[in-house]
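Peer 1: Structure file my_file_12.cif (mmCIF, C-alpha atoms) right here:
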```cif
data_model
loop_
_atom_site.label_atom_id
_atom_site.label_comp_id
_atom_site.auth_asym_id
_atom_site.auth_seq_id
_atom_site.Cartn_x
_atom_site.Cartn_y
_atom_site.Cartn_z
CA MET A 1 -108.70 91.31 1.67
CA LYS A 2 -108.03 92.29 5.25
CA TYR A 3 -105.78 95.19 6.23
CA SER A 4 -104.69 97.61 8.92
CA GLU A 5 -102.53 100.72 8.98
CA ALA A 6 -99.16 101.22 10.64
CA ARG A 7 -96.72 104.05 11.11
CA GLN A 8 -93.03 103.71 10.35
CA GLY A 9 -90.79 103.66 13.41
CA ARG A 10 -87.06 103.17 13.71
CA THR A 11 -84.97 101.95 10.79
CA PHE A 12 -82.06 99.59 11.44
CA VAL A 13 -79.12 98.84 9.15
CA ILE A 14 -77.86 95.35 10.04
CA ARG A 15 -74.94 93.29 8.79
CA LEU A 16 -75.19 89.58 9.43
CA GLU A 17 -71.94 87.63 9.61
CA ASP A 18 -70.65 84.44 8.04
CA GLY A 19 -72.40 81.33 9.36
CA GLU A 20 -75.28 83.07 11.15
CA ILE A 21 -78.77 81.61 10.64
CA VAL A 22 -80.92 84.46 9.31
CA HIS A 23 -84.27 83.88 11.03
CA THR A 24 -82.65 83.03 14.39
CA VAL A 25 -80.48 86.15 14.46
CA ILE A 26 -83.23 88.51 13.25
CA GLU A 27 -85.83 87.18 15.69
CA GLN A 28 -83.33 87.62 18.55
CA PHE A 29 -82.45 91.13 17.33
CA VAL A 30 -86.08 92.26 17.41
CA LYS A 31 -86.52 90.82 20.91
CA ASP A 32 -83.38 92.62 22.10
CA HIS A 33 -84.59 95.95 20.63
CA ALA A 34 -88.25 95.64 21.73
CA ILE A 35 -89.52 95.54 18.13
CA GLU A 36 -92.93 93.91 17.82
CA ARG A 37 -93.65 94.41 14.12
CA ALA A 38 -91.41 95.18 11.17
CA SER A 39 -90.72 94.80 7.49
CA LEU A 40 -87.31 94.05 6.04
CA PHE A 41 -85.33 93.50 2.89
CA ALA A 42 -82.04 91.70 2.45
CA VAL A 43 -79.13 91.29 0.04
CA GLY A 44 -76.03 89.16 0.38
CA GLY A 45 -74.97 85.55 0.27
CA ALA A 46 -76.53 82.27 1.41
CA ASP A 47 -74.19 79.39 2.15
CA LYS A 48 -74.11 75.81 0.97
CA GLY A 49 -76.50 73.67 3.01
CA SER A 50 -79.07 76.44 3.48
CA VAL A 51 -82.61 75.08 3.18
CA LEU A 52 -85.60 76.81 1.58
CA VAL A 53 -89.25 75.77 1.61
CA VAL A 54 -90.15 75.85 -2.09
CA GLY A 55 -93.83 74.94 -2.00
CA PRO A 56 -96.28 72.29 -0.94
CA GLU A 57 -96.14 68.88 -2.58
CA GLU A 58 -99.80 69.31 -3.57
CA SER A 59 -101.32 72.78 -3.75
CA ARG A 60 -104.82 72.11 -2.38
CA ILE A 61 -104.26 69.31 0.14
CA PHE A 62 -104.33 70.29 3.83
CA PRO A 63 -102.43 69.97 5.97
CA THR A 64 -99.65 70.67 3.52
CA ASN A 65 -96.51 68.65 3.10
CA PRO A 66 -93.75 71.20 2.42
CA MET A 67 -91.09 70.64 -0.23
CA THR A 68 -87.59 71.83 0.58
CA HIS A 69 -84.52 72.64 -1.47
CA GLU A 70 -80.96 72.61 -0.12
CA LEU A 71 -78.48 75.02 -1.71
CA TYR A 72 -75.57 73.06 -3.23
CA ASP A 73 -73.07 75.94 -2.91
CA ALA A 74 -72.93 79.65 -2.05
CA HIS A 75 -75.67 81.72 -3.73
CA GLU A 76 -76.37 85.43 -4.13
CA ILE A 77 -79.66 86.43 -2.47
CA THR A 78 -82.25 89.12 -2.42
CA GLY A 79 -85.26 88.87 -0.17
CA THR A 80 -88.01 90.51 1.76
CA GLY A 81 -90.08 89.70 4.80
CA THR A 82 -92.26 90.72 7.70
CA ILE A 83 -92.16 90.25 11.45
CA PHE A 84 -95.32 89.97 13.54
CA PRO A 85 -95.90 88.39 16.95
CA ASP A 86 -97.57 85.00 17.23
CA ASP A 87 -100.34 84.18 19.70
CA ASN A 88 -97.71 83.90 22.48
CA GLY A 89 -96.21 87.30 21.68
CA ASN A 90 -93.07 85.84 20.10
CA PRO A 91 -91.78 87.62 16.98
CA VAL A 92 -92.03 85.46 13.86
CA LEU A 93 -90.05 86.30 10.74
CA HIS A 94 -91.75 85.32 7.47
CA ALA A 95 -89.28 85.94 4.65
CA HIS A 96 -88.75 84.69 1.12
CA PHE A 97 -85.40 84.82 -0.63
CA ALA A 98 -84.49 84.42 -4.28
CA CYS A 99 -81.14 82.62 -4.35
CA GLY A 100 -79.11 82.54 -7.54
CA ARG A 101 -75.88 80.97 -8.77
CA GLU A 102 -74.83 81.24 -12.39
CA GLU A 103 -77.99 80.85 -14.48
CA ASN A 104 -80.00 79.03 -11.78
CA THR A 105 -82.36 80.65 -9.27
CA VAL A 106 -84.55 79.15 -6.57
CA THR A 107 -87.02 81.11 -4.46
CA GLY A 108 -88.50 80.05 -1.16
CA CYS A 109 -89.28 80.66 2.48
CA ILE A 110 -86.24 80.76 4.77
CA ARG A 111 -87.92 79.33 7.91
CA THR A 112 -86.00 76.04 7.75
CA GLY A 113 -82.58 77.68 7.99
CA VAL A 114 -80.66 79.93 5.64
CA LYS A 115 -77.04 80.36 6.65
CA VAL A 116 -75.15 83.54 5.75
CA TRP A 117 -72.24 83.17 3.34
CA GLN A 118 -69.70 85.85 4.32
CA VAL A 119 -72.13 88.75 4.64
CA MET A 120 -75.79 89.67 4.42
CA GLU A 121 -77.19 93.19 4.67
CA ILE A 122 -80.62 93.77 6.20
CA ILE A 123 -82.65 96.97 6.32
CA LEU A 124 -85.30 96.52 9.01
CA ILE A 125 -88.14 99.03 9.38
CA GLU A 126 -90.15 98.99 12.58
CA LEU A 127 -93.95 99.22 12.24
CA LEU A 128 -95.78 101.14 14.99
CA GLU A 129 -99.39 101.78 15.99
CA ASN A 130 -100.51 98.39 14.70
CA THR A 131 -101.92 95.29 16.40
CA ALA A 132 -101.52 92.66 13.66
CA THR A 133 -100.54 89.18 14.82
CA ARG A 134 -99.92 85.72 13.41
CA GLN A 135 -102.61 83.24 14.47
CA LEU A 136 -102.81 79.53 13.80
CA ASP A 137 -105.39 78.72 11.13
CA PRO A 138 -106.70 75.20 11.89
CA TYR A 139 -107.65 74.53 8.26
CA THR A 140 -104.31 75.32 6.60
CA GLY A 141 -102.03 74.73 9.60
CA PHE A 142 -100.33 78.08 8.87
CA LYS A 143 -99.84 80.96 11.30
CA LEU A 144 -101.71 83.52 9.22
CA LEU A 145 -101.40 87.28 9.50
CA ILE A 146 -104.45 88.79 11.19
CA PRO A 147 -104.28 92.52 10.40
#
```
Spell out the structure here as structure tokens.
Peer 2:
Amino acid sequence: MKYSEARQGRTFVIRLEDGEIVHTVIEQFVKDHAIERASLFAVGGADKGSVLVVGPEESRIFPTNPMTHELYDAHEITGTGTIFPDDNGNPVLHAHFACGREENTVTGCIRTGVKVWQVMEIILIELLENTATRQLDPYTGFKLLIP
């Protein structure tokens, strides 16, 4: 385990609008508000055509070949994530959503494009006094959190 401490900064209450792409809008928001690090949670709707990364095809083969799942209609969502800068200082949102419709639920990473259905509510909490970043790990090919 590796860790570091942070202090809570500003808290933002955000409403995303119909058709917005979650990671694009949130990453632009943090740039516009000079937020370097944050945690967030979300509730709302994801639209038909949204794509989640739902795992690697094979769990111990690197580099990984990601599997994706496209939502077939509007789904209710709940999710959580973190924002840390990459090695170029760009904020990177890493978030996973559980998306449900009727008795079916799929959970995955939203990095390939989750589109808001009507409304999505985000509570974003800024993290201060911390230097954690995301750095490319050559073995896995992932930008791993370096606390």
Peer 1: Looking at all atoms listed in the file, which of A:Leu124, A:Ile83, A:Val119, A:Val53 is the one that sits closest to Leu145 in chain A?
Peer 2: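 For Leu145 in chain A, the nearest of the given residues is A:Ile83.
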Peer 1: Under the rule that all atoms listed in the file are counted, which of A:Leu40, A:Leu127, A:Gly45, A:Gly89 is the nearest residue to Arg10 in chain A?
Peer 2: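 Closest to Arg10 in chain A, using all atoms listed in the file: A:Leu127.
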Peer 1: Might I get the box with edges along x, y and z of the file that holds all atoms of range 23-34 of chain A listed there, padded by 6 Å on every side, given as centre and edge lengths in Å to one decimal, as JSON?
Peer 2:
```
{"center_x": -84.4, "center_y": 89.5, "center_z": 16.6, "size_x": 19.8, "size_y": 24.9, "size_z": 23.1}
```
Peer 1: Rank nothing, just name the residue among A:Glu5, A:Asp18, A:Glu126, A:Glu27 nearest to Ala95 in chain A, using only C-alpha atoms.
Peer 2: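 Going through A:Glu5, A:Asp18, A:Glu126, A:Glu27 one by one, the smallest distance to Ala95 in chain A is for A:Glu27.
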Peer 1: For Arg15 in chain A, which residue among A:Gln135, A:Val54, A:Phe29, A:Phe62 is the nearest when counting all atoms listed in the file?
Peer 2: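 Of A:Gln135, A:Val54, A:Phe29, A:Phe62, the one nearest Arg15 in chain A, counting all atoms listed in the file, is A:Phe29.
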Peer 1: Which of these, A:Gly44, A:Pro85, A:Gly113, A:Pro91, has the shortest distance to His69 in chain A once you count all atoms listed in the file?
Peer 2: A:Gly113
Peer 1: Do you know which residues are at most 10 Å from Gly9 in chain A counting all atoms listed in the file, after dropping those on the same chain fewer than 4 positions away, and could you put them as an MDAnalysis selection string?
Peer 2: chainID A and resid 35 37:38 125:129
Peer 1: Given all atoms listed in the file as the basis, pick out the residue of A:Thr11, A:Ser39, A:Thr68, A:Gln28 nearest to Ile110 in chain A.
Peer 2: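 For Ile110 in chain A, the nearest of the candidates is A:Thr68.
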Peer 1: Quick one: distance from CA of Tyr139 in chain A to CA of Met1 in chain A in Å, one decimal?
Peer 2: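 Computed distance, CA of Tyr139 in chain A to CA of Met1 in chain A, equals 18.1 Å.
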Peer 1: Please write as a list of chain:residue names the full residue list that the PyMOL selection byres ((chain A and resi 77) around 10) yields on this file.
Peer 2: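 What the PyMOL selection byres ((chain A and resi 77) around 10) grabs from the file is A:Ala42, A:Val43, A:Gly44, A:Gly45, A:Ala46, A:Ala74, A:His75, A:Glu76, A:Thr78, A:Gly79, A:His96, A:Phe97, A:Ala98, A:Cys99, A:Gly100, A:Arg101, A:Thr105, A:Val106, A:Thr107, A:Val116, A:Trp117, A:Met120.
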Peer 1: Report as a PyMOL selection string the full result of the PyMOL selection byres ((chain A and resi 146) around 6) when it is applied to this structure.
Peer 2: chain A and resi 132-134+145+147
Peer 1: So what do you get for CA of Ile123 in chain A versus CA of Thr82 in chain A, distance-wise?
Peer 2: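 CA of Thr82 in chain A lies 11.5 Å from CA of Ile123 in chain A.
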Peer 1: With the PyMOL selection byres ((chain A and resi 71) around 7) as the selection, what would be picked from this file? Answer as a count of residues only, please.
Peer 2: 8
Peer 1: Just to confirm, what's the straight-line distance from CA of Asp86 in chain A to CA of Leu136 in chain A in Å (one decimal)?
Peer 2: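 Calculated distance between CA of Asp86 in chain A and CA of Leu136 in chain A is 8.3 Å.
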Peer 1: Output range 94-118 of chain A with N, CA and C atoms present, as an mmCIF file, keeping the file's coordinate frame.
Peer 2:
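The resulting result-v2.cif:
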```cif
data_model
loop_
_atom_site.group_PDB
_atom_site.id
_atom_site.type_symbol
_atom_site.label_atom_id
_atom_site.label_comp_id
_atom_site.auth_asym_id
_atom_site.auth_seq_id
_atom_site.Cartn_x
_atom_site.Cartn_y
_atom_site.Cartn_z
ATOM 1 N N HIS A 94 -91.306 86.023 8.681
ATOM 2 C CA HIS A 94 -91.750 85.320 7.470
ATOM 3 C C HIS A 94 -91.050 86.017 6.315
ATOM 4 N N ALA A 95 -90.078 85.339 5.720
ATOM 5 C CA ALA A 95 -89.280 85.940 4.650
ATOM 6 C C ALA A 95 -89.069 84.951 3.521
ATOM 7 N N HIS A 96 -89.048 85.484 2.311
ATOM 8 C CA HIS A 96 -88.750 84.690 1.120
ATOM 9 C C HIS A 96 -87.510 85.286 0.461
ATOM 10 N N PHE A 97 -86.617 84.408 0.055
ATOM 11 C CA PHE A 97 -85.400 84.820 -0.630
ATOM 12 C C PHE A 97 -85.358 84.196 -2.014
ATOM 13 N N ALA A 98 -84.862 84.957 -2.979
ATOM 14 C CA ALA A 98 -84.490 84.420 -4.280
ATOM 15 C C ALA A 98 -82.981 84.210 -4.223
ATOM 16 N N CYS A 99 -82.551 82.988 -4.473
ATOM 17 C CA CYS A 99 -81.140 82.620 -4.350
ATOM 18 C C CYS A 99 -80.628 82.174 -5.713
ATOM 19 N N GLY A 100 -79.600 82.844 -6.211
ATOM 20 C CA GLY A 100 -79.110 82.540 -7.540
ATOM 21 C C GLY A 100 -77.627 82.199 -7.564
ATOM 22 N N ARG A 101 -77.277 81.323 -8.496
ATOM 23 C CA ARG A 101 -75.880 80.970 -8.770
ATOM 24 C C ARG A 101 -75.800 80.652 -10.256
ATOM 25 N N GLU A 102 -74.915 81.345 -10.938
ATOM 26 C CA GLU A 102 -74.830 81.240 -12.390
ATOM 27 C C GLU A 102 -76.200 81.502 -12.998
ATOM 28 N N GLU A 103 -76.707 80.597 -13.825
ATOM 29 C CA GLU A 103 -77.990 80.850 -14.480
ATOM 30 C C GLU A 103 -79.172 80.231 -13.726
ATOM 31 N N ASN A 104 -78.941 79.687 -12.531
ATOM 32 C CA ASN A 104 -80.000 79.030 -11.780
ATOM 33 C C ASN A 104 -80.467 79.881 -10.603
ATOM 34 N N THR A 105 -81.781 79.933 -10.406
ATOM 35 C CA THR A 105 -82.360 80.650 -9.270
ATOM 36 C C THR A 105 -83.456 79.807 -8.647
ATOM 37 N N VAL A 106 -83.476 79.805 -7.321
ATOM 38 C CA VAL A 106 -84.550 79.150 -6.570
ATOM 39 C C VAL A 106 -85.069 80.167 -5.566
ATOM 40 N N THR A 107 -86.387 80.178 -5.387
ATOM 41 C CA THR A 107 -87.020 81.110 -4.460
ATOM 42 C C THR A 107 -87.812 80.326 -3.441
ATOM 43 N N GLY A 108 -87.721 80.737 -2.174
ATOM 44 C CA GLY A 108 -88.500 80.050 -1.160
ATOM 45 C C GLY A 108 -88.457 80.742 0.177
ATOM 46 N N CYS A 109 -89.203 80.166 1.113
ATOM 47 C CA CYS A 109 -89.280 80.660 2.480
ATOM 48 C C CYS A 109 -88.049 80.184 3.247
ATOM 49 N N ILE A 110 -87.504 81.058 4.088
ATOM 50 C CA ILE A 110 -86.240 80.760 4.770
ATOM 51 C C ILE A 110 -86.427 80.116 6.143
ATOM 52 N N ARG A 111 -87.646 79.775 6.536
ATOM 53 C CA ARG A 111 -87.920 79.330 7.910
ATOM 54 C C ARG A 111 -87.186 78.060 8.327
ATOM 55 N N THR A 112 -86.695 77.274 7.383
ATOM 56 C CA THR A 112 -86.000 76.040 7.750
ATOM 57 C C THR A 112 -84.496 76.211 7.904
ATOM 58 N N GLY A 113 -83.987 77.422 7.681
ATOM 59 C CA GLY A 113 -82.580 77.680 7.990
ATOM 60 C C GLY A 113 -81.733 78.087 6.811
ATOM 61 N N VAL A 114 -81.586 79.399 6.637
ATOM 62 C CA VAL A 114 -80.660 79.930 5.640
ATOM 63 C C VAL A 114 -79.463 80.485 6.390
ATOM 64 N N LYS A 115 -78.291 79.984 6.011
ATOM 65 C CA LYS A 115 -77.040 80.360 6.650
ATOM 66 C C LYS A 115 -76.323 81.405 5.796
ATOM 67 N N VAL A 116 -75.846 82.454 6.450
ATOM 68 C CA VAL A 116 -75.150 83.540 5.750
ATOM 69 C C VAL A 116 -73.821 83.041 5.192
ATOM 70 N N TRP A 117 -73.561 83.376 3.942
ATOM 71 C CA TRP A 117 -72.240 83.170 3.340
ATOM 72 C C TRP A 117 -71.537 84.519 3.347
ATOM 73 N N GLN A 118 -70.545 84.666 4.162
ATOM 74 C CA GLN A 118 -69.700 85.850 4.320
ATOM 75 C C GLN A 118 -70.447 87.056 4.875
#
```
